[in-house]
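Engineer: coords_21.cif is reproduced in full below (mmCIF, C-alpha atoms).
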data_model
#
loop_
_atom_site.label_atom_id
_atom_site.label_comp_id
_atom_site.auth_asym_id
_atom_site.auth_seq_id
_atom_site.Cartn_x
_atom_site.Cartn_y
_atom_site.Cartn_z
CA MET A 1 20.00 -41.49 -19.17
CA ILE A 2 18.85 -37.97 -20.06
CA ASP A 3 20.36 -36.53 -23.24
CA PRO A 4 22.37 -33.49 -22.02
CA LEU A 5 21.35 -31.48 -25.11
CA VAL A 6 17.68 -32.12 -24.38
CA SER A 7 18.01 -31.19 -20.70
CA TRP A 8 19.94 -28.02 -21.58
CA GLY A 9 17.26 -27.13 -24.12
CA VAL A 10 14.53 -27.57 -21.50
CA LEU A 11 16.53 -25.54 -19.02
CA VAL A 12 17.02 -22.67 -21.48
CA ARG A 13 13.32 -22.75 -22.32
CA ALA A 14 12.43 -22.78 -18.64
CA VAL A 15 14.68 -19.77 -17.97
CA LEU A 16 13.22 -17.87 -20.93
CA ALA A 17 9.68 -18.59 -19.83
CA LEU A 18 10.02 -18.10 -16.09
CA VAL A 19 12.77 -15.59 -15.36
CA PRO A 20 11.73 -12.43 -17.30
CA VAL A 21 8.38 -12.22 -15.55
CA GLN A 22 10.11 -12.47 -12.15
CA ILE A 23 12.40 -9.60 -13.24
CA PHE A 24 9.28 -7.62 -14.17
CA LEU A 25 7.89 -8.35 -10.71
CA LEU A 26 11.18 -7.35 -9.07
CA SER A 27 11.16 -4.04 -10.94
CA LEU A 28 7.65 -3.40 -9.56
CA LEU A 29 8.95 -4.01 -6.05
CA LEU A 30 11.84 -1.62 -6.61
CA LEU A 31 9.37 1.08 -7.66
CA ASP A 32 7.58 0.69 -4.33
CA THR A 33 9.11 3.71 -2.57
CA TYR A 34 6.99 3.32 0.56
CA ARG A 35 7.59 -0.44 0.83
CA LEU A 36 3.85 -1.03 0.91
CA VAL A 37 4.26 -4.72 0.13
CA ARG A 38 6.52 -7.03 2.07
CA LEU A 39 8.35 -9.89 0.37
CA ARG A 40 6.40 -12.40 2.46
CA ARG A 41 3.14 -11.20 0.87
CA VAL A 42 4.66 -11.34 -2.59
CA ALA A 43 5.80 -14.93 -1.98
CA LEU A 44 2.34 -15.80 -0.65
CA SER A 45 0.67 -14.31 -3.73
CA LEU A 46 3.04 -16.21 -6.04
CA THR A 47 2.15 -19.42 -4.23
CA VAL A 48 -1.58 -18.73 -4.26
CA GLY A 49 -1.38 -17.84 -7.97
CA ALA A 50 0.34 -21.17 -8.65
CA GLY A 51 -2.35 -23.03 -6.70
CA LEU A 52 -5.11 -21.18 -8.56
CA ALA A 53 -3.53 -22.25 -11.86
CA GLY A 54 -3.98 -25.87 -10.78
CA LEU A 55 -7.59 -25.17 -9.84
CA ALA A 56 -8.25 -23.41 -13.16
CA TYR A 57 -6.65 -26.32 -15.06
CA VAL A 58 -9.05 -28.80 -13.46
CA THR A 59 -12.04 -26.48 -13.97
CA ASN A 60 -11.10 -25.88 -17.63
CA ASN A 61 -10.89 -29.61 -18.29
CA VAL A 62 -14.28 -30.25 -16.69
CA VAL A 63 -15.97 -27.38 -18.58
CA LEU A 64 -14.30 -28.44 -21.84
CA ALA A 65 -15.59 -32.00 -21.40
CA VAL A 66 -19.09 -30.82 -20.46
CA THR A 67 -19.49 -28.24 -23.25
CA GLY A 68 -17.69 -30.26 -25.93
CA LEU A 69 -16.45 -27.02 -27.54
CA PRO A 70 -13.51 -27.11 -29.96
CA VAL A 71 -10.25 -26.34 -28.12
CA MET A 72 -9.61 -23.07 -30.00
CA ALA A 73 -13.10 -21.75 -29.33
CA PHE A 74 -12.75 -22.78 -25.70
CA ALA A 75 -9.40 -20.99 -25.41
CA LEU A 76 -10.94 -17.81 -26.76
CA LEU A 77 -14.35 -17.83 -25.10
CA ILE A 78 -14.27 -19.81 -21.89
CA ALA A 79 -10.71 -20.25 -20.59
CA PRO A 80 -10.01 -16.50 -20.06
CA GLY A 81 -13.14 -16.23 -17.93
CA VAL A 82 -12.32 -19.31 -15.83
CA GLU A 83 -8.69 -18.30 -15.27
CA GLU A 84 -9.36 -14.64 -14.51
CA LEU A 85 -12.21 -15.56 -12.17
CA SER A 86 -9.88 -17.85 -10.22
CA LYS A 87 -7.21 -15.11 -9.83
CA ALA A 88 -9.93 -12.58 -9.03
CA THR A 89 -11.07 -14.50 -5.94
CA TRP A 90 -7.71 -13.90 -4.24
CA LEU A 91 -7.33 -10.31 -5.47
CA ASP A 92 -10.87 -9.36 -4.51
CA TYR A 93 -10.24 -10.70 -1.01
CA GLN A 94 -7.07 -8.58 -0.77
CA VAL A 95 -8.90 -5.39 -1.76
CA ARG A 96 -12.11 -6.04 0.18
CA SER A 97 -10.27 -6.83 3.42
CA HIS A 98 -8.16 -3.65 3.03
CA ARG A 99 -4.94 -5.64 2.67
CA THR A 100 -4.21 -3.36 -0.27
CA GLY A 101 -4.77 0.38 0.04
CA PHE A 102 -3.36 1.92 -3.12
CA LEU A 103 -2.93 1.12 -6.80
CA ALA A 104 0.79 0.43 -6.32
CA ASP A 105 0.44 -2.35 -3.73
CA ALA A 106 -2.68 -3.77 -5.40
CA THR A 107 -0.77 -4.03 -8.70
CA ILE A 108 2.25 -5.71 -7.09
CA ILE A 109 0.06 -8.31 -5.37
CA ALA A 110 -1.88 -8.84 -8.61
CA PHE A 111 1.20 -9.19 -10.77
CA ALA A 112 2.73 -11.65 -8.30
CA THR A 113 -0.49 -13.71 -8.38
CA GLY A 114 -0.46 -13.68 -12.19
CA ALA A 115 3.25 -14.57 -12.24
CA GLY A 116 2.61 -17.56 -9.95
CA PHE A 117 -0.25 -18.62 -12.18
CA ALA A 118 1.88 -18.27 -15.33
CA THR A 119 4.76 -20.21 -13.79
CA VAL A 120 2.59 -23.31 -13.39
CA GLU A 121 1.03 -22.83 -16.84
CA ASN A 122 4.45 -22.49 -18.49
CA LEU A 123 5.78 -25.54 -16.63
CA TYR A 124 2.81 -27.44 -18.02
CA TYR A 125 3.56 -26.21 -21.57
CA LEU A 126 7.22 -27.02 -21.07
CA ARG A 127 6.28 -30.59 -20.23
CA THR A 128 3.81 -30.83 -23.11
CA TRP A 129 6.02 -29.24 -25.83
CA PRO A 130 9.62 -29.64 -24.70
CA ASP A 131 10.87 -29.41 -28.31
CA ALA A 132 9.05 -26.21 -29.34
CA PRO A 133 11.36 -23.81 -31.27
CA LEU A 134 13.40 -21.67 -28.91
CA LEU A 135 12.30 -18.33 -30.33
CA LEU A 136 8.65 -19.31 -30.29
CA TRP A 137 9.06 -20.53 -26.73
CA ALA A 138 10.80 -17.33 -25.64
CA VAL A 139 8.11 -15.16 -27.17
CA ARG A 140 5.17 -17.32 -26.17
CA GLY A 141 6.40 -18.16 -22.69
CA LEU A 142 7.27 -14.60 -21.83
CA GLY A 143 4.09 -13.28 -23.43
CA THR A 144 1.87 -15.69 -21.49
CA ALA A 145 3.59 -14.83 -18.23
CA VAL A 146 3.30 -11.05 -18.67
CA MET A 147 -0.27 -11.45 -19.92
CA HIS A 148 -1.28 -13.32 -16.74
CA GLY A 149 0.40 -10.70 -14.57
CA GLY A 150 -1.12 -7.96 -16.70
CA ALA A 151 -4.66 -9.32 -16.67
CA ALA A 152 -4.52 -9.72 -12.89
CA SER A 153 -3.18 -6.16 -12.63
CA MET A 154 -6.10 -4.91 -14.76
CA PHE A 155 -8.51 -6.52 -12.32
CA ALA A 156 -6.68 -5.02 -9.33
CA ILE A 157 -6.50 -1.50 -10.82
CA VAL A 158 -10.23 -1.34 -11.61
CA ARG A 159 -11.23 -3.05 -8.34
CA GLN A 160 -8.97 -0.92 -6.12
CA THR A 161 -10.08 2.29 -7.83
CA GLY A 162 -13.73 1.34 -7.34
CA GLU A 163 -13.16 0.41 -3.69
CA ALA A 164 -11.36 3.70 -2.94
CA ALA A 165 -14.12 5.68 -4.67
CA GLY A 166 -16.83 3.78 -2.78
CA ARG A 167 -18.50 2.56 -5.98
CA PRO A 168 -21.09 -0.27 -5.77
CA LEU A 169 -19.37 -3.56 -5.06
CA LEU A 170 -21.07 -5.68 -7.74
CA THR A 171 -20.52 -3.10 -10.48
CA THR A 172 -16.84 -2.75 -9.58
CA ARG A 173 -16.34 -6.51 -9.49
CA ILE A 174 -18.01 -7.00 -12.88
CA MET A 175 -16.03 -4.14 -14.46
CA ALA A 176 -12.74 -5.41 -13.00
CA LEU A 177 -13.35 -8.97 -14.15
CA GLY A 178 -14.47 -7.71 -17.57
CA ALA A 179 -11.24 -5.74 -18.02
CA ALA A 180 -9.11 -8.77 -17.10
CA VAL A 181 -11.07 -11.17 -19.35
CA VAL A 182 -10.95 -8.81 -22.36
CA PHE A 183 -7.18 -8.36 -21.91
CA HIS A 184 -6.65 -12.11 -21.59
CA GLY A 185 -9.04 -12.96 -24.43
CA GLY A 186 -7.38 -10.39 -26.69
CA PHE A 187 -4.01 -12.03 -26.11
CA ASN A 188 -5.41 -15.49 -26.81
CA ALA A 189 -7.04 -14.22 -30.02
CA LEU A 190 -3.54 -13.39 -31.29
CA MET A 191 -2.30 -16.90 -30.55
CA GLY A 192 -1.14 -17.33 -34.15
CA HIS A 193 0.87 -14.09 -33.97
CA ALA A 194 3.02 -14.69 -30.92
CA LEU A 195 5.57 -11.95 -31.58
CA PRO A 196 3.16 -8.99 -31.97
CA ALA A 197 1.02 -10.33 -29.11
CA THR A 198 4.00 -10.52 -26.75
CA ALA A 199 5.39 -7.17 -27.88
CA GLY A 200 1.93 -5.69 -27.38
CA VAL A 201 1.47 -6.93 -23.80
CA LEU A 202 5.03 -5.90 -22.89
CA VAL A 203 4.58 -2.34 -24.21
CA LEU A 204 1.10 -2.01 -22.72
CA MET A 205 2.15 -3.36 -19.32
CA THR A 206 5.27 -1.19 -19.13
CA PHE A 207 3.19 1.90 -19.92
CA LEU A 208 0.41 0.88 -17.54
CA ILE A 209 2.72 0.08 -14.65
CA GLY A 210 4.54 3.41 -15.11
CA LEU A 211 1.25 5.28 -15.11
CA VAL A 212 -0.12 3.39 -12.11
CA HIS A 213 3.07 4.03 -10.18
CA GLN A 214 2.92 7.79 -10.83
CA VAL A 215 -0.79 8.10 -10.01
CA SER A 216 -0.45 5.93 -6.91
CA GLU A 217 2.54 7.85 -5.51
CA ARG A 218 0.78 11.18 -6.07
CA ARG A 219 -2.40 9.98 -4.36
CA LEU A 220 -0.45 8.44 -1.49
CA ARG A 221 1.50 11.65 -0.86
CA ARG A 222 -1.71 13.69 -0.84
CA TRP A 223 -3.42 11.18 1.45
CA LEU A 224 -0.42 11.17 3.78
CA GLY A 225 -0.33 14.97 4.02
CA HIS A 226 -4.03 15.63 4.51
CA GLY A 227 -4.54 12.54 6.63
CA LEU A 228 -1.72 13.23 9.05
CA ASP A 229 -2.91 16.80 9.62
CA ARG A 230 -6.47 15.57 10.22
CA ASP A 231 -5.33 12.85 12.65
CA ARG A 232 -3.17 15.35 14.58
CA ASN A 233 -6.04 17.84 14.81
CA LEU A 234 -8.39 15.15 16.12
CA LEU A 235 -5.82 14.00 18.67
CA GLU A 236 -5.16 17.57 19.81
CA LEU A 237 -8.89 18.26 20.23
CA ILE A 238 -9.43 15.12 22.29
CA SER A 239 -6.28 15.65 24.37
CA ALA A 240 -7.23 19.26 25.12
CA GLY A 241 -10.79 18.24 26.08
CA GLU A 242 -12.23 20.55 23.42
CA VAL A 243 -14.16 18.01 21.38
CA HIS A 244 -17.51 19.16 22.83
CA THR A 245 -17.05 22.56 21.13
CA THR A 246 -16.83 20.99 17.67
CA PRO A 247 -19.48 19.50 15.32
CA LEU A 248 -17.90 16.10 16.06
CA GLY A 249 -18.42 16.63 19.79
CA ARG A 250 -22.02 17.69 19.29
CA TYR A 251 -22.59 14.59 17.17
CA LEU A 252 -21.12 12.37 19.88
CA LEU A 253 -23.35 14.03 22.47
CA SER A 254 -26.38 13.36 20.28
CA LEU A 255 -25.43 9.65 20.24
CA ARG A 256 -25.59 9.53 24.06
CA GLU A 257 -29.39 9.34 23.97
CA HIS A 258 -29.29 6.15 21.91
CA PHE A 259 -26.20 4.40 23.20
CA GLY A 260 -25.68 5.70 26.74
CA ALA A 261 -22.79 7.62 28.26
CA GLY A 262 -20.56 4.54 28.70
CA ILE A 263 -20.62 3.59 25.03
CA VAL A 264 -20.07 7.20 23.93
CA THR A 265 -17.01 7.34 26.22
CA ASP A 266 -15.72 4.18 24.50
CA MET A 267 -16.39 5.86 21.14
CA LEU A 268 -14.22 8.80 22.15
CA CYS A 269 -11.49 6.39 23.29
CA LEU A 270 -11.74 4.57 19.95
CA LEU A 271 -11.40 7.83 18.01
CA ARG A 272 -8.33 8.79 20.02
CA LEU A 273 -6.75 5.37 19.63
CA GLU A 274 -7.40 5.28 15.88
CA ALA A 275 -5.96 8.80 15.53
CA GLU A 276 -2.82 7.67 17.40
CA LEU A 277 -2.44 4.49 15.35
CA SER A 278 -3.12 6.40 12.12
CA ILE A 279 -0.30 8.80 12.99
CA ARG A 280 1.90 5.76 13.56
CA ALA A 281 0.93 4.27 10.16
CA LYS A 282 1.52 7.49 8.25
CA GLY A 283 4.75 8.19 10.14
CA THR A 284 5.97 4.73 9.16
CA LEU A 285 5.33 5.45 5.49
CA MET A 286 7.02 8.88 5.69
CA LEU A 287 10.10 7.33 7.28
CA ARG A 288 10.23 4.51 4.74
CA GLU A 289 10.02 7.03 1.88
CA HIS A 290 13.32 8.50 3.07
CA GLY A 291 15.04 5.20 3.72
CA PHE A 292 14.52 5.00 7.50
CA THR A 293 13.35 1.79 9.13
CA PRO A 294 11.01 2.64 12.01
CA ARG A 295 11.96 0.96 15.28
CA PRO A 296 9.40 -1.69 16.33
CA ASP A 297 6.91 -0.33 18.84
CA GLN A 298 6.48 -2.82 21.70
CA ASP A 299 3.17 -1.19 22.72
CA LEU A 300 1.47 -1.78 19.38
CA GLU A 301 0.09 -5.20 20.23
CA ALA A 302 -1.44 -3.88 23.46
CA ARG A 303 -3.01 -0.96 21.58
CA LEU A 304 -4.43 -3.25 18.94
CA ALA A 305 -5.87 -5.46 21.70
CA GLU A 306 -7.47 -2.37 23.24
CA HIS A 307 -8.83 -1.45 19.81
CA ARG A 308 -10.44 -4.87 19.46
CA TRP A 309 -11.95 -4.56 22.94
CA LEU A 310 -13.39 -1.10 22.20
CA MET A 311 -14.87 -2.29 18.89
CA GLU A 312 -16.58 -5.16 20.71
CA SER A 313 -17.84 -2.90 23.48
CA ILE A 314 -19.29 -0.33 21.07
CA GLY A 315 -20.98 -2.98 18.93
CA ARG A 316 -22.03 -3.00 15.28
CA ALA A 317 -24.74 -0.35 15.59
CA GLY A 318 -22.43 2.02 17.47
CA LEU A 319 -19.62 1.53 14.96
CA TRP A 320 -22.04 2.17 12.12
CA ALA A 321 -23.17 5.43 13.75
CA LEU A 322 -19.56 6.45 14.37
CA GLY A 323 -18.46 5.35 10.89
CA PRO A 324 -17.90 8.55 8.93
CA VAL A 325 -15.88 10.29 11.67
CA ARG A 326 -13.53 7.37 12.33
CA PRO A 327 -9.95 7.66 11.02
CA TRP A 328 -10.16 3.97 10.07
CA HIS A 329 -13.43 4.24 8.18
CA GLY A 330 -13.51 3.16 4.51
CA HIS A 331 -10.17 3.53 2.78
CA GLY A 332 -8.54 4.46 6.11
CA ALA A 333 -9.11 0.89 7.32
CA TRP A 334 -6.04 -0.06 5.29
CA GLN A 335 -3.91 1.59 7.99
CA ARG A 336 -5.01 -1.08 10.43
CA ARG A 337 -3.30 -3.72 8.26
CA LEU A 338 -0.13 -1.66 8.15
CA VAL A 339 -0.07 -1.26 11.93
CA GLU A 340 -0.87 -4.96 12.42
CA SER A 341 2.00 -5.94 10.15
CA GLU A 342 4.28 -3.57 12.10
CA SER A 343 3.05 -5.16 15.31
CA ALA A 344 3.80 -8.65 13.97
CA THR A 345 7.32 -7.48 13.07
CA SER A 346 7.90 -6.03 16.55
CA THR A 347 6.65 -9.23 18.14
CA THR A 348 9.00 -11.42 16.11
CA SER A 349 12.05 -9.10 16.26
CA MET B 1 3.58 34.47 8.62
CA PHE B 2 6.57 32.12 8.63
CA ASP B 3 10.19 32.99 9.19
CA ILE B 4 13.35 30.92 9.37
CA ARG B 5 16.78 32.34 10.19
CA GLN B 6 20.10 31.34 11.66
CA GLY B 7 21.14 32.94 14.93
CA THR B 8 24.63 34.03 15.96
CA ASP B 9 25.04 30.77 17.91
CA GLY B 10 24.47 28.79 14.69
CA SER B 11 21.05 27.45 15.66
CA ILE B 12 18.11 27.87 13.31
CA ARG B 13 14.97 29.52 14.66
CA LEU B 14 11.54 28.77 13.17
CA THR B 15 8.78 31.33 13.71
CA GLY B 16 5.07 31.38 12.80
CA ARG B 17 3.30 28.74 10.73
CA LEU B 18 5.14 26.14 8.66
CA ASP B 19 2.44 24.95 6.28
CA ALA B 20 2.03 24.16 2.58
CA VAL B 21 2.37 27.85 1.67
CA SER B 22 5.65 28.42 3.52
CA ALA B 23 7.09 24.95 2.89
CA ALA B 24 9.19 26.03 -0.10
CA VAL B 25 10.99 28.69 2.01
CA ALA B 26 11.83 26.16 4.74
CA ARG B 27 12.92 23.53 2.21
CA GLU B 28 15.27 25.90 0.42
CA PHE B 29 16.77 27.22 3.68
CA LEU B 30 17.30 23.78 5.24
CA ALA B 31 18.75 22.34 2.04
CA ALA B 32 21.76 24.62 2.52
CA VAL B 33 22.40 23.42 6.09
CA THR B 34 25.43 21.21 6.69
CA GLY B 35 26.80 19.35 9.72
CA THR B 36 24.98 19.10 13.01
CA THR B 37 22.54 21.95 13.54
CA ARG B 38 20.10 22.85 16.30
CA LEU B 39 16.55 23.68 15.18
CA ASP B 40 14.57 25.83 17.63
CA PHE B 41 10.78 25.32 17.57
CA SER B 42 10.01 27.60 20.55
CA ASP B 43 8.28 30.27 18.42
CA LEU B 44 6.73 27.92 15.87
CA GLU B 45 2.94 28.13 16.17
CA TYR B 46 2.07 25.32 13.78
CA ILE B 47 3.76 22.74 11.60
CA ALA B 48 1.80 20.85 8.93
CA SER B 49 2.64 17.39 7.67
CA VAL B 50 4.46 18.91 4.70
CA GLY B 51 6.83 20.53 7.21
CA LEU B 52 7.41 17.21 8.96
CA GLY B 53 8.21 15.67 5.58
CA ILE B 54 10.84 18.38 4.95
CA LEU B 55 12.45 17.72 8.34
CA ILE B 56 12.69 13.97 7.66
CA ALA B 57 14.11 14.49 4.16
CA GLN B 58 16.74 16.91 5.46
CA GLN B 59 17.60 14.63 8.37
CA ARG B 60 18.17 11.77 5.90
CA ARG B 61 20.50 13.99 3.85
CA LEU B 62 22.41 15.24 6.90
CA LEU B 63 22.75 11.79 8.52
CA ASP B 64 24.25 10.51 5.29
CA THR B 65 27.03 13.11 5.69
CA ASP B 66 27.59 12.55 9.44
CA GLY B 67 25.50 15.57 10.41
CA GLY B 68 21.96 15.87 11.72
CA LEU B 69 19.23 18.10 13.08
CA VAL B 70 18.88 18.52 16.84
CA LEU B 71 15.37 19.66 17.72
CA SER B 72 14.58 21.92 20.65
CA GLY B 73 11.57 23.78 22.03
CA LEU B 74 8.95 21.34 20.74
CA SER B 75 5.47 21.73 22.23
CA PRO B 76 4.12 18.76 24.24
CA HIS B 77 1.62 18.03 21.46
CA LEU B 78 4.33 17.98 18.78
CA LEU B 79 6.52 15.79 20.99
CA GLU B 80 3.62 13.37 21.32
CA VAL B 81 3.09 13.34 17.53
CA PHE B 82 6.82 12.71 16.96
CA ASP B 83 6.69 9.86 19.44
CA LEU B 84 3.52 8.33 17.96
CA ALA B 85 4.77 8.63 14.39
CA GLY B 86 8.05 6.95 15.23
CA PHE B 87 10.09 10.08 14.40
CA GLY B 88 11.53 10.08 17.90
CA ASP B 89 14.32 7.68 16.94
CA VAL B 90 15.30 9.64 13.87
CA PHE B 91 16.03 12.99 15.55
CA GLU B 92 18.02 14.09 18.55
CA TYR B 93 16.36 16.40 21.07
CA ASP B 94 17.91 19.19 23.05
#
Any chance you could give the structure as structure tokens?

Structural biologist:
Amino acid sequence: MIDPLVSWGVLVRAVLALVPVQIFLLSLLLLDTYRLVRLRRVALSLTVGAGLAGLAYVTNNVVLAVTGLPVMAFALLIAPGVEELSKATWLDYQVRSHRTGFLADATIIAFATGAGFATVENLYYLRTWPDAPLLLWAVRGLGTAVMHGGAASMFAIVRQTGEAAGRPLLTTRIMALGAAVVFHGGFNALMGHALPATAGVLVLMTFLIGLVHQVSERRLRRWLGHGLDRDRNLLELISAGEVHTTPLGRYLLSLREHFGAGIVTDMLCLLRLEAELSIRAKGTLMLREHGFTPRPDQDLEARLAEHRWLMESIGRAGLWALGPVRPWHGHGAWQRRLVESESATSTTS
Amino acid sequence: MFDIRQGTDGSIRLTGRLDAVSAAVAREFLAAVTGTTRLDFSDLEYIASVGLGILIAQQRRLLDTDGGLVLSGLSPHLLEVFDLAGFGDVFEYD
């Protein structure tokens, strides 16, 4: 029979180690004025983070056995790299595939991934040291959890900033991973000073999250304003049949020699469709900012199907040539994810 | 040049260009509006996204107090933009 005092002690330790980081994550979600991240994606990232913790645990054990390093040296030199690299695979995929578009949503996804990772790690520690002093457990458990969320956020901030600025992919990846590993390694280096280490990551993360939120909201507002005006102008030009009088129109005409009139017509249709869907995406964000829930658009799925057909018809070379003038080029491609998620909602509602 | 004023019938008439420069004037004027009010766009030449943002913010405020903006005289292009952006369900049209 389980001693009730022991089970209560484990429960208190579990709450101390697991709950505060979820509250931190919840506060991030509450800061998300535009509701960029849906709860489903947060839950998915928590789950993936937990799975990656298992993967990192196995990898760490293998590397530790192969290298034969002392455990402390391994914890300082190797483990941060292994663990941050495992989280980075998921976060890099999120950024690269335009599932995140701004610092705010990238940070939420990253923190959720780190929180999932930390949950499994803390459960492991809880099983290994169930009798650790309560204060030490509170400080260490909370510190580890916020550190994992924080290190993942560091990766996401650097990676998302580099992606939005169009910086070289390899450089951005190395810099992002470096930031996360240094943050993680720094925390591990203070392993003997749990209280200052935990206080440090808490203060740093609170400051960083506040700063990221402010910068992200400002950039998003500017992007919304300029972008919506640009999309409307493009739509108006195409609707009025005046594109041929603009530099864009002349550029499209010049493409006719290479791609033929049919493909150029599809290009014009693609530009119009992307302008329409971009207006939808930005309108959705503007409505959410003021507490409105946009009504599901039943035509979205059909428009997205048309978009896929046009992309296929135009082909890679045509899309490359059209690239810079497309509303969904580069950072704008994030809008496609937003519209797709809206479409999925309208299909299921 | 942008102008916004309330007519004798209580409706609000927008004239000229509502852009980033004139946004503050429109925001201040509309913030004082209460109840259900008709907004006439017939003489509005252009409205930038900042203007659309003001309309949505004011509509939120008015709906919370059982009021609202009723839009009239929108150009076909603006109607299309409202429809595409999903604003169509938020406002009433006259």

Engineer: How many Å lie between CA of Leu44 (chain A) and CA of Ala164 (chain A), rounded to one decimal?

Structural biologist: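 Separation of CA of Leu44 (chain A) and CA of Ala164 (chain A): 23.9 Å.
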
Engineer: Considering all atoms listed in the file, state which residue in the set A:Val95, A:Val243, A:Val82, A:Ala197 is at the smallest distance from Asn60 (chain A).

Structural biologist: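 Smallest separation from Asn60 (chain A) among the options: A:Val82.
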
Engineer: On this structure, which residues satisfy the PyMOL selection byres ((chain B) within 12 of (chain A)), written as a PyMOL selection string?

Structural biologist: chain B and resi 19-20+46-64+75-91

Engineer: Give me a file of those residues, with C-alpha atoms, as an mmCIF file, in the coordinates of the input.

Structural biologist:
data_model
loop_
_atom_site.group_PDB
_atom_site.id
_atom_site.type_symbol
_atom_site.label_atom_id
_atom_site.label_comp_id
_atom_site.auth_asym_id
_atom_site.auth_seq_id
_atom_site.Cartn_x
_atom_site.Cartn_y
_atom_site.Cartn_z
ATOM 1 C CA ASP B 19 2.440 24.950 6.280
ATOM 2 C CA ALA B 20 2.030 24.160 2.580
ATOM 3 C CA TYR B 46 2.070 25.320 13.780
ATOM 4 C CA ILE B 47 3.760 22.740 11.600
ATOM 5 C CA ALA B 48 1.800 20.850 8.930
ATOM 6 C CA SER B 49 2.640 17.390 7.670
ATOM 7 C CA VAL B 50 4.460 18.910 4.700
ATOM 8 C CA GLY B 51 6.830 20.530 7.210
ATOM 9 C CA LEU B 52 7.410 17.210 8.960
ATOM 10 C CA GLY B 53 8.210 15.670 5.580
ATOM 11 C CA ILE B 54 10.840 18.380 4.950
ATOM 12 C CA LEU B 55 12.450 17.720 8.340
ATOM 13 C CA ILE B 56 12.690 13.970 7.660
ATOM 14 C CA ALA B 57 14.110 14.490 4.160
ATOM 15 C CA GLN B 58 16.740 16.910 5.460
ATOM 16 C CA GLN B 59 17.600 14.630 8.370
ATOM 17 C CA ARG B 60 18.170 11.770 5.900
ATOM 18 C CA ARG B 61 20.500 13.990 3.850
ATOM 19 C CA LEU B 62 22.410 15.240 6.900
ATOM 20 C CA LEU B 63 22.750 11.790 8.520
ATOM 21 C CA ASP B 64 24.250 10.510 5.290
ATOM 22 C CA SER B 75 5.470 21.730 22.230
ATOM 23 C CA PRO B 76 4.120 18.760 24.240
ATOM 24 C CA HIS B 77 1.620 18.030 21.460
ATOM 25 C CA LEU B 78 4.330 17.980 18.780
ATOM 26 C CA LEU B 79 6.520 15.790 20.990
ATOM 27 C CA GLU B 80 3.620 13.370 21.320
ATOM 28 C CA VAL B 81 3.090 13.340 17.530
ATOM 29 C CA PHE B 82 6.820 12.710 16.960
ATOM 30 C CA ASP B 83 6.690 9.860 19.440
ATOM 31 C CA LEU B 84 3.520 8.330 17.960
ATOM 32 C CA ALA B 85 4.770 8.630 14.390
ATOM 33 C CA GLY B 86 8.050 6.950 15.230
ATOM 34 C CA PHE B 87 10.090 10.080 14.400
ATOM 35 C CA GLY B 88 11.530 10.080 17.900
ATOM 36 C CA ASP B 89 14.320 7.680 16.940
ATOM 37 C CA VAL B 90 15.300 9.640 13.870
ATOM 38 C CA PHE B 91 16.030 12.990 15.550
#

Engineer: Selection in question (the file shown): the PyMOL selection byres ((chain B and resi 15) around 7). Which residues does it include, as an NGL selection string?

Structural biologist: :B and (2-4 or 13-14 or 16-17 or 43-44)

Engineer: So how many Å separate CA of Ser153 (chain A) and CA of Thr47 (chain A), to one decimal?

Structural biologist: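 Computed distance, CA of Ser153 (chain A) to CA of Thr47 (chain A), equals 16.6 Å.
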
Engineer: CA of Leu195 (chain A) and CA of Gly143 (chain A) are how many Å apart?

Structural biologist: 8.4 Å

Engineer: Quick one: everything within 7 Å of Glu84 (chain A), counting all atoms listed in the file, minus sequence neighbours fewer than 4 positions away in the same chain. Send it as number ranges by chain.

Structural biologist: A: 80, 88, 177, 180-181

Engineer: Which residues match the PyMOL selection byres ((chain A and resi 102) around 10) in the file above, as a VMD selection string?

Structural biologist: chain A and resid 36 95 98 to 101 103 to 107 156 to 157 160 to 161 163 to 164 212 to 213 215 to 217 219 to 220 331 334

Engineer: Please identify all polymer residues within 7 Å of Ala50 (chain A), counting all atoms listed in the file, omitting same-chain residues fewer than 5 positions from it, and present them as a list in words.

Structural biologist: Gly116, Phe117, Thr119 and Val120 of chain A

Engineer: Closest to Leu39 (chain B) among B:Leu18, B:Arg5, B:Thr65, B:Ala24, using only C-alpha atoms?

Structural biologist: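 Using only C-alpha atoms, Leu39 (chain B) sits closest to B:Arg5.
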
Engineer: Restricting the calculation to only C-alpha atoms: of A:Thr206, A:Thr144, A:Arg96, A:Val10, which residue gets closest to Ala333 (chain A)?

Structural biologist: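 Residue with the minimum atom-to-atom distance to Ala333 (chain A): A:Arg96.
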
Engineer: Rank nothing, just name the residue among A:Leu77, A:Val325, A:Leu52, A:Ala132 nearest to Thr113 (chain A), using only C-alpha atoms.

Structural biologist: A:Leu52
